[in-house]
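Data from coords.cif: mmCIF, C-alpha atoms (C1' of nucleotides)
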data_entry
loop_
_atom_site.label_atom_id
_atom_site.label_comp_id
_atom_site.auth_asym_id
_atom_site.auth_seq_id
_atom_site.Cartn_x
_atom_site.Cartn_y
_atom_site.Cartn_z
CA MET M 1 7.61 7.61 -9.85
CA ILE M 2 10.24 5.04 -9.19
CA LYS M 3 13.07 4.65 -6.74
CA ILE M 4 15.33 6.99 -8.64
CA ASP M 5 12.76 9.73 -8.56
CA ILE M 6 12.44 9.46 -4.83
CA ALA M 7 16.20 9.58 -4.48
CA ASN M 8 16.30 12.66 -6.67
CA ALA M 9 13.67 14.33 -4.54
CA LEU M 10 15.80 13.61 -1.53
CA MET M 11 18.87 15.03 -3.19
CA GLN M 12 17.06 18.21 -4.08
CA THR M 13 16.30 18.92 -0.49
CA LEU M 14 19.13 17.47 1.52
CA PRO M 15 22.85 17.70 0.80
CA VAL M 16 23.36 14.08 -0.07
CA SER M 17 24.80 12.31 -3.05
CA LYS M 18 22.60 10.27 -5.34
CA ALA M 19 24.27 7.13 -4.08
CA THR M 20 23.45 8.08 -0.52
CA ALA M 21 19.91 8.99 -1.43
CA LEU M 22 19.46 5.61 -3.04
CA GLN M 23 20.90 4.00 0.05
CA VAL M 24 18.41 5.84 2.17
CA VAL M 25 15.45 4.79 0.07
CA ASP M 26 16.66 1.25 -0.09
CA LEU M 27 17.34 1.17 3.62
CA LEU M 28 13.96 2.52 4.56
CA THR M 29 12.09 0.16 2.31
CA GLU M 30 14.10 -2.72 3.65
CA ARG M 31 13.42 -1.78 7.23
CA MET M 32 9.76 -1.39 6.51
CA LYS M 33 9.69 -4.74 4.80
CA LYS M 34 11.28 -6.37 7.78
CA ALA M 35 8.88 -4.73 10.17
CA LEU M 36 5.91 -5.82 8.10
CA LEU M 37 7.21 -9.33 7.74
CA ASP M 38 7.69 -9.32 11.47
CA GLY M 39 4.01 -8.60 11.82
CA ASP M 40 4.59 -5.08 12.98
CA ARG M 41 2.38 -2.39 11.60
CA ILE M 42 3.79 0.90 10.38
CA GLU M 43 1.84 3.97 11.20
CA ILE M 44 2.76 7.35 9.77
CA ARG M 45 0.31 10.05 10.71
CA GLY M 46 -0.84 12.00 7.71
CA PHE M 47 0.51 9.45 5.27
CA GLY M 48 -0.97 6.09 5.97
CA VAL M 49 -0.71 2.84 7.81
CA PHE M 50 0.82 -0.41 6.63
CA GLU M 51 -0.88 -3.26 8.37
CA PRO M 52 -0.11 -6.94 7.94
CA ARG M 53 -3.29 -8.89 8.29
CA PRO M 54 -4.05 -12.58 8.02
CA ARG M 55 -5.89 -13.56 4.92
CA LYS M 56 -8.96 -15.57 5.66
CA ARG M 57 -9.74 -16.35 2.09
CA GLY M 58 -9.01 -19.85 0.94
CA LEU M 59 -10.10 -19.97 -2.65
CA GLY M 60 -8.62 -18.76 -5.87
CA ARG M 61 -8.88 -19.57 -9.52
CA ASN M 62 -6.36 -20.78 -12.05
CA ILE M 63 -6.76 -19.48 -15.58
CA LYS M 64 -5.05 -22.19 -17.53
CA THR M 65 -6.84 -25.04 -15.87
CA GLY M 66 -9.94 -23.16 -14.88
CA GLN M 67 -10.01 -25.02 -11.63
CA SER M 68 -10.42 -23.63 -8.18
CA VAL M 69 -7.14 -23.51 -6.38
CA GLU M 70 -6.87 -23.24 -2.67
CA ILE M 71 -5.07 -20.15 -1.50
CA PRO M 72 -2.42 -21.80 0.59
CA LYS M 73 -1.62 -19.47 3.36
CA GLY M 74 -0.61 -16.01 3.92
CA LYS M 75 -0.99 -12.57 5.08
CA SER M 76 -1.60 -9.53 3.07
CA ILE M 77 -0.04 -6.18 3.64
CA ARG M 78 -2.74 -3.62 3.63
CA PHE M 79 -1.97 0.03 3.21
CA LYS M 80 -4.56 2.35 4.59
CA PRO M 81 -4.12 5.85 3.22
CA GLY M 82 -4.02 8.59 5.82
CA LYS M 83 -6.13 11.68 5.92
CA ASP M 84 -4.06 13.56 3.40
CA LEU M 85 -4.31 10.77 0.88
CA ARG M 86 -7.97 10.07 1.49
CA ASP M 87 -8.78 13.67 0.85
CA ILE M 88 -7.91 13.36 -2.78
CA ASP M 89 -10.52 14.36 -5.24
CA VAL M 90 -10.05 14.76 -8.89
CA GLU M 91 -12.34 16.56 -11.20
CA MET B 1 6.64 1.00 14.08
CA ILE B 2 6.13 4.69 13.80
CA LYS B 3 7.99 7.54 12.22
CA ILE B 4 10.51 7.76 15.02
CA ASP B 5 11.41 4.12 14.64
CA ILE B 6 12.09 4.57 10.97
CA ALA B 7 14.24 7.59 11.73
CA ASN B 8 16.14 5.58 14.30
CA ALA B 9 16.73 2.83 11.81
CA LEU B 10 18.12 5.39 9.44
CA MET B 11 20.40 6.81 12.12
CA GLN B 12 21.75 3.40 12.93
CA THR B 13 22.97 2.91 9.41
CA LEU B 14 23.84 6.32 8.08
CA PRO B 15 25.75 9.08 9.86
CA VAL B 16 22.86 11.44 10.29
CA SER B 17 21.33 13.17 13.24
CA LYS B 18 17.91 12.22 14.48
CA ALA B 19 16.60 15.55 13.28
CA THR B 20 17.94 14.88 9.81
CA ALA B 21 16.59 11.37 9.83
CA LEU B 22 13.18 12.70 10.70
CA GLN B 23 13.49 15.25 7.94
CA VAL B 24 14.29 12.49 5.51
CA VAL B 25 11.32 10.39 6.52
CA ASP B 26 9.04 13.37 6.46
CA LEU B 27 10.37 14.51 3.13
CA LEU B 28 9.97 11.15 1.50
CA THR B 29 6.45 10.65 2.76
CA GLU B 30 5.56 14.11 1.61
CA ARG B 31 6.99 13.57 -1.83
CA MET B 32 5.21 10.27 -2.12
CA LYS B 33 1.97 11.87 -1.03
CA LYS B 34 2.33 14.55 -3.66
CA ALA B 35 3.08 12.03 -6.35
CA LEU B 36 0.10 9.92 -5.40
CA LEU B 37 -2.18 12.94 -5.23
CA ASP B 38 -0.86 13.87 -8.63
CA GLY B 39 -2.09 10.54 -9.89
CA ASP B 40 1.38 9.17 -10.28
CA ARG B 41 2.01 5.65 -9.18
CA ILE B 42 5.07 4.75 -7.16
CA GLU B 43 6.77 1.53 -7.99
CA ILE B 44 9.59 0.17 -5.89
CA ARG B 45 10.81 -3.21 -7.00
CA GLY B 46 10.91 -5.69 -4.20
CA PHE B 47 8.82 -3.56 -1.94
CA GLY B 48 5.56 -2.76 -3.56
CA VAL B 49 3.58 -0.40 -5.71
CA PHE B 50 1.42 2.50 -4.64
CA GLU B 51 -1.25 3.01 -7.22
CA PRO B 52 -3.96 5.65 -7.16
CA ARG B 53 -7.06 4.23 -8.68
CA PRO B 54 -10.50 5.67 -9.23
CA ARG B 55 -13.06 4.27 -6.91
CA LYS B 56 -15.83 2.73 -8.92
CA ARG B 57 -17.89 1.68 -5.97
CA GLY B 58 -20.81 3.91 -5.27
CA LEU B 59 -22.35 2.50 -2.15
CA GLY B 60 -21.55 2.91 1.47
CA ARG B 61 -23.38 2.55 4.70
CA ASN B 62 -24.10 4.95 7.50
CA ILE B 63 -23.95 3.40 10.93
CA LYS B 64 -26.21 5.68 12.84
CA THR B 65 -28.98 5.81 10.30
CA GLY B 66 -28.36 2.46 8.70
CA GLN B 67 -29.08 3.91 5.33
CA SER B 68 -27.08 3.43 2.19
CA VAL B 69 -25.03 6.48 1.39
CA GLU B 70 -23.53 7.12 -1.96
CA ILE B 71 -19.78 7.18 -1.95
CA PRO B 72 -19.20 10.68 -3.28
CA LYS B 73 -16.20 10.51 -5.49
CA GLY B 74 -12.49 10.19 -5.25
CA LYS B 75 -9.66 7.86 -5.63
CA SER B 76 -8.18 5.29 -3.37
CA ILE B 77 -4.52 4.64 -2.97
CA ARG B 78 -3.87 0.99 -3.40
CA PHE B 79 -0.67 -0.57 -2.19
CA LYS B 80 0.29 -3.76 -3.88
CA PRO B 81 2.93 -5.61 -1.91
CA GLY B 82 5.96 -6.64 -3.90
CA LYS B 83 7.42 -10.07 -4.19
CA ASP B 84 9.25 -9.90 -0.91
CA LEU B 85 6.14 -8.92 0.97
CA ARG B 86 3.90 -11.40 -0.75
CA ASP B 87 6.21 -14.19 0.19
CA ILE B 88 5.31 -13.88 3.81
CA ASP B 89 3.97 -16.94 5.47
CA VAL B 90 3.51 -17.49 9.11
CA GLU B 91 2.79 -20.76 10.72
"C1'" DG H 1 24.00 5.78 -20.74
"C1'" DC H 2 22.64 1.24 -22.62
"C1'" DC H 3 21.78 -3.66 -22.12
"C1'" DT H 4 20.14 -7.49 -19.56
"C1'" DC H 5 17.42 -9.64 -15.91
"C1'" DC H 6 13.78 -10.52 -13.46
"C1'" DA H 7 9.82 -8.52 -11.14
"C1'" DT H 8 5.30 -6.71 -12.40
"C1'" DG H 9 0.68 -6.32 -15.13
"C1'" DA H 10 -3.24 -8.39 -17.13
"C1'" DT H 11 -6.38 -12.14 -17.47
"C1'" DC H 12 -10.65 -15.54 -15.68
"C1'" DA H 13 -13.60 -17.04 -11.94
"C1'" DA H 14 -15.35 -17.33 -7.43
"C1'" DG H 15 -15.63 -15.85 -2.98
"C1'" DA H 16 -14.10 -13.04 0.72
"C1'" DT H 17 -12.92 -8.24 1.92
"C1'" DC H 18 -13.24 -3.24 1.68
"C1'" DG H 19 -15.37 1.17 1.98
"C1'" DA H 20 -18.09 4.96 3.71
"C1'" DT H 21 -20.35 7.44 7.63
"C1'" DA H 22 -19.99 9.02 12.86
"C1'" DT H 23 -18.26 9.09 17.68
"C1'" DC H 24 -15.09 8.31 21.47
"C1'" DG H 25 -10.79 6.85 23.09
"C1'" DC H 26 -5.96 6.28 22.17
"C1'" DC H 27 -1.77 7.17 20.61
"C1'" DA H 28 1.28 9.50 17.09
"C1'" DA H 29 3.26 13.93 16.45
"C1'" DC H 30 4.79 18.45 17.99
"C1'" DG F 1 1.39 17.94 27.79
"C1'" DT F 2 -1.76 19.05 23.95
"C1'" DT F 3 -3.75 18.19 19.53
"C1'" DG F 4 -5.99 15.64 16.41
"C1'" DG F 5 -5.45 11.58 13.32
"C1'" DC F 6 -6.80 6.82 13.58
"C1'" DG F 7 -9.45 2.38 15.11
"C1'" DA F 8 -13.59 0.10 15.70
"C1'" DT F 9 -18.34 -0.79 14.49
"C1'" DA F 10 -22.28 -2.27 10.78
"C1'" DT F 11 -24.22 -3.09 6.24
"C1'" DC F 12 -24.13 -4.34 1.33
"C1'" DG F 13 -22.30 -4.41 -3.01
"C1'" DA F 14 -18.45 -3.85 -5.93
"C1'" DT F 15 -13.52 -4.76 -5.99
"C1'" DC F 16 -9.70 -7.60 -5.01
"C1'" DT F 17 -7.18 -11.73 -4.69
"C1'" DT F 18 -4.88 -15.97 -6.23
"C1'" DG F 19 -2.36 -18.72 -10.16
"C1'" DA F 20 0.40 -19.08 -14.61
"C1'" DT F 21 2.27 -16.90 -18.72
"C1'" DC F 22 4.03 -13.26 -21.95
"C1'" DA F 23 5.50 -8.67 -22.44
"C1'" DT F 24 7.06 -4.45 -20.35
"C1'" DG F 25 9.94 -1.92 -17.68
"C1'" DG F 26 12.34 -1.14 -13.06
"C1'" DA F 27 16.94 -1.81 -11.61
"C1'" DG F 28 21.59 -2.99 -11.70
"C1'" DG F 29 25.89 -3.85 -14.22
"C1'" DC F 30 29.39 -2.52 -17.70
#

I'd like the structure from this file rewritten - as structure tokens, please.
Amino acid sequence: MIKIDIANALMQTLPVSKATALQVVDLLTERMKKALLDGDRIEIRGFGVFEPRPRKRGLGRNIKTGQSVEIPKGKSIRFKPGKDLRDIDVE
Amino acid sequence: MIKIDIANALMQTLPVSKATALQVVDLLTERMKKALLDGDRIEIRGFGVFEPRPRKRGLGRNIKTGQSVEIPKGKSIRFKPGKDLRDIDVE
DNA sequence: GCCTCCATGATCAAGATCGATATCGCCAAC
DNA sequence: GTTGGCGATATCGATCTTGATCATGGAGGC
């Protein structure tokens, strides 16, 4: 599933054009990105929680050189699946 | 940021009512949930990728008893932040 | 609809992080 | 205001992450 699929799903349910649907998807992702970059966590009950958290790790590995490289900085965005997504069970 | 905030963001940009905005958010999350439960991965360039992956780990821990409990089965939904979200760097 | 562009995936190694279970409080959702 | 999903906690091992590069494909342009 890619952006277009989501837009199509939106079109199938609401009376919007594909262009508008794409705008919606793009807008929402952009807003979410901004919020996450701002350090704000996004919590959607029943879906999941996006949580920016500081990365404490400071060591990585470079293939080509094989040397340990220090992980410079950073946060990671962690997505914690909500109840509905944790409940998944296949075969 | 919670669902209402996302709906508000949508309202501020597109000419939709709050009720419609909420419908949109709810619809999209639901569709994404279904896709993920279906084993489909969701890839949005510049935002991130939701990928259902089988959990290979088989060990957990029970607080009250302190005993190792086998992690039954299931998948986890992994969210891999896209380029824009990985680029974050605070102080 | 097809082509082009650039982001994404996989890889190797080492070390840190996550996950699951259970309970209570809190806040998201209705 | 009510309901119930979610956070935190603890332990221990497996998974993930980070970096660079090539190939694939998401996404946008014509």

Near chain M, meaning an atom within 6 Å, which residues of chain B appear when counting all atoms listed in the file? Write them as a PDB file with C-alpha atoms, keeping the file's coordinate frame.
ATOM      1  CA  MET B   1       6.640   1.000  14.080  1.00  0.00           C
ATOM      2  CA  ILE B   2       6.130   4.690  13.800  1.00  0.00           C
ATOM      3  CA  LYS B   3       7.990   7.540  12.220  1.00  0.00           C
ATOM      4  CA  ARG B  41       2.010   5.650  -9.180  1.00  0.00           C
ATOM      5  CA  ILE B  42       5.070   4.750  -7.160  1.00  0.00           C
ATOM      6  CA  GLU B  43       6.770   1.530  -7.990  1.00  0.00           C
ATOM      7  CA  ILE B  44       9.590   0.170  -5.890  1.00  0.00           C
ATOM      8  CA  GLY B  74     -12.490  10.190  -5.250  1.00  0.00           C
ATOM      9  CA  PHE B  79      -0.670  -0.570  -2.190  1.00  0.00           C
ATOM     10  CA  ASP B  89       3.970 -16.940   5.470  1.00  0.00           C
TER      11      ASP B  89
END

12 Å contacts from chain F to chain M using only C-alpha atoms (C1' of nucleotides), as a PDB file with C-alpha atoms (C1' of nucleotides), keeping the file's coordinate frame:
ATOM      1  C1'  DG F   4      -5.990  15.640  16.410  1.00  0.00           C
ATOM      2  C1'  DG F   5      -5.450  11.580  13.320  1.00  0.00           C
ATOM      3  C1'  DC F   6      -6.800   6.820  13.580  1.00  0.00           C
ATOM      4  C1'  DG F   7      -9.450   2.380  15.110  1.00  0.00           C
ATOM      5  C1'  DC F  16      -9.700  -7.600  -5.010  1.00  0.00           C
ATOM      6  C1'  DT F  17      -7.180 -11.730  -4.690  1.00  0.00           C
ATOM      7  C1'  DT F  18      -4.880 -15.970  -6.230  1.00  0.00           C
ATOM      8  C1'  DG F  19      -2.360 -18.720 -10.160  1.00  0.00           C
ATOM      9  C1'  DA F  20       0.400 -19.080 -14.610  1.00  0.00           C
ATOM     10  C1'  DT F  21       2.270 -16.900 -18.720  1.00  0.00           C
ATOM     11  C1'  DG F  25       9.940  -1.920 -17.680  1.00  0.00           C
ATOM     12  C1'  DG F  26      12.340  -1.140 -13.060  1.00  0.00           C
ATOM     13  C1'  DA F  27      16.940  -1.810 -11.610  1.00  0.00           C
TER      14       DA F  27
END

Enumerate, in order of chain and increasing residue number, the residues of chain H with an atom no farther than 10 Å from chain M, each with its shortest atom pair and distance in Å to one decimal, counting all atoms listed in the file, as JSON lines.
{"residue": "H:DT11", "atom": "C1'", "partner": "M:Ile63", "partner_atom": "CA", "distance": 7.6}
{"residue": "H:DC12", "atom": "C1'", "partner": "M:Ile63", "partner_atom": "CA", "distance": 5.5}
{"residue": "H:DA13", "atom": "C1'", "partner": "M:Arg61", "partner_atom": "CA", "distance": 5.9}
{"residue": "H:DA14", "atom": "C1'", "partner": "M:Gly60", "partner_atom": "CA", "distance": 7.1}
{"residue": "H:DG15", "atom": "C1'", "partner": "M:Leu59", "partner_atom": "CA", "distance": 6.9}
{"residue": "H:DA16", "atom": "C1'", "partner": "M:Arg57", "partner_atom": "CA", "distance": 5.6}
{"residue": "H:DT17", "atom": "C1'", "partner": "M:Arg57", "partner_atom": "CA", "distance": 8.7}
{"residue": "H:DA28", "atom": "C1'", "partner": "M:Arg45", "partner_atom": "CA", "distance": 6.5}
{"residue": "H:DA29", "atom": "C1'", "partner": "M:Arg45", "partner_atom": "CA", "distance": 7.5}

Pick from F:DT24, F:DT15, F:DT9, F:DT3 nearest to Arg53 in chain B, counting only C-alpha atoms (C1' of nucleotides): F:DT15

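Between C1' of DC27 in chain H and CA of Glu51 in chain B the separation is 28.1 Å.
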
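Distance-wise, CA of Gln12 in chain M and C1' of DC3 in chain H end up 28.7 Å apart.
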
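Note that the spacing between C1' of DC26 in chain H and C1' of DA10 in chain F amounts to 21.7 Å.
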
Expansion of the PyMOL selection byres ((chain H and resi 4) around 10) into residues, as a count of residues only: 6
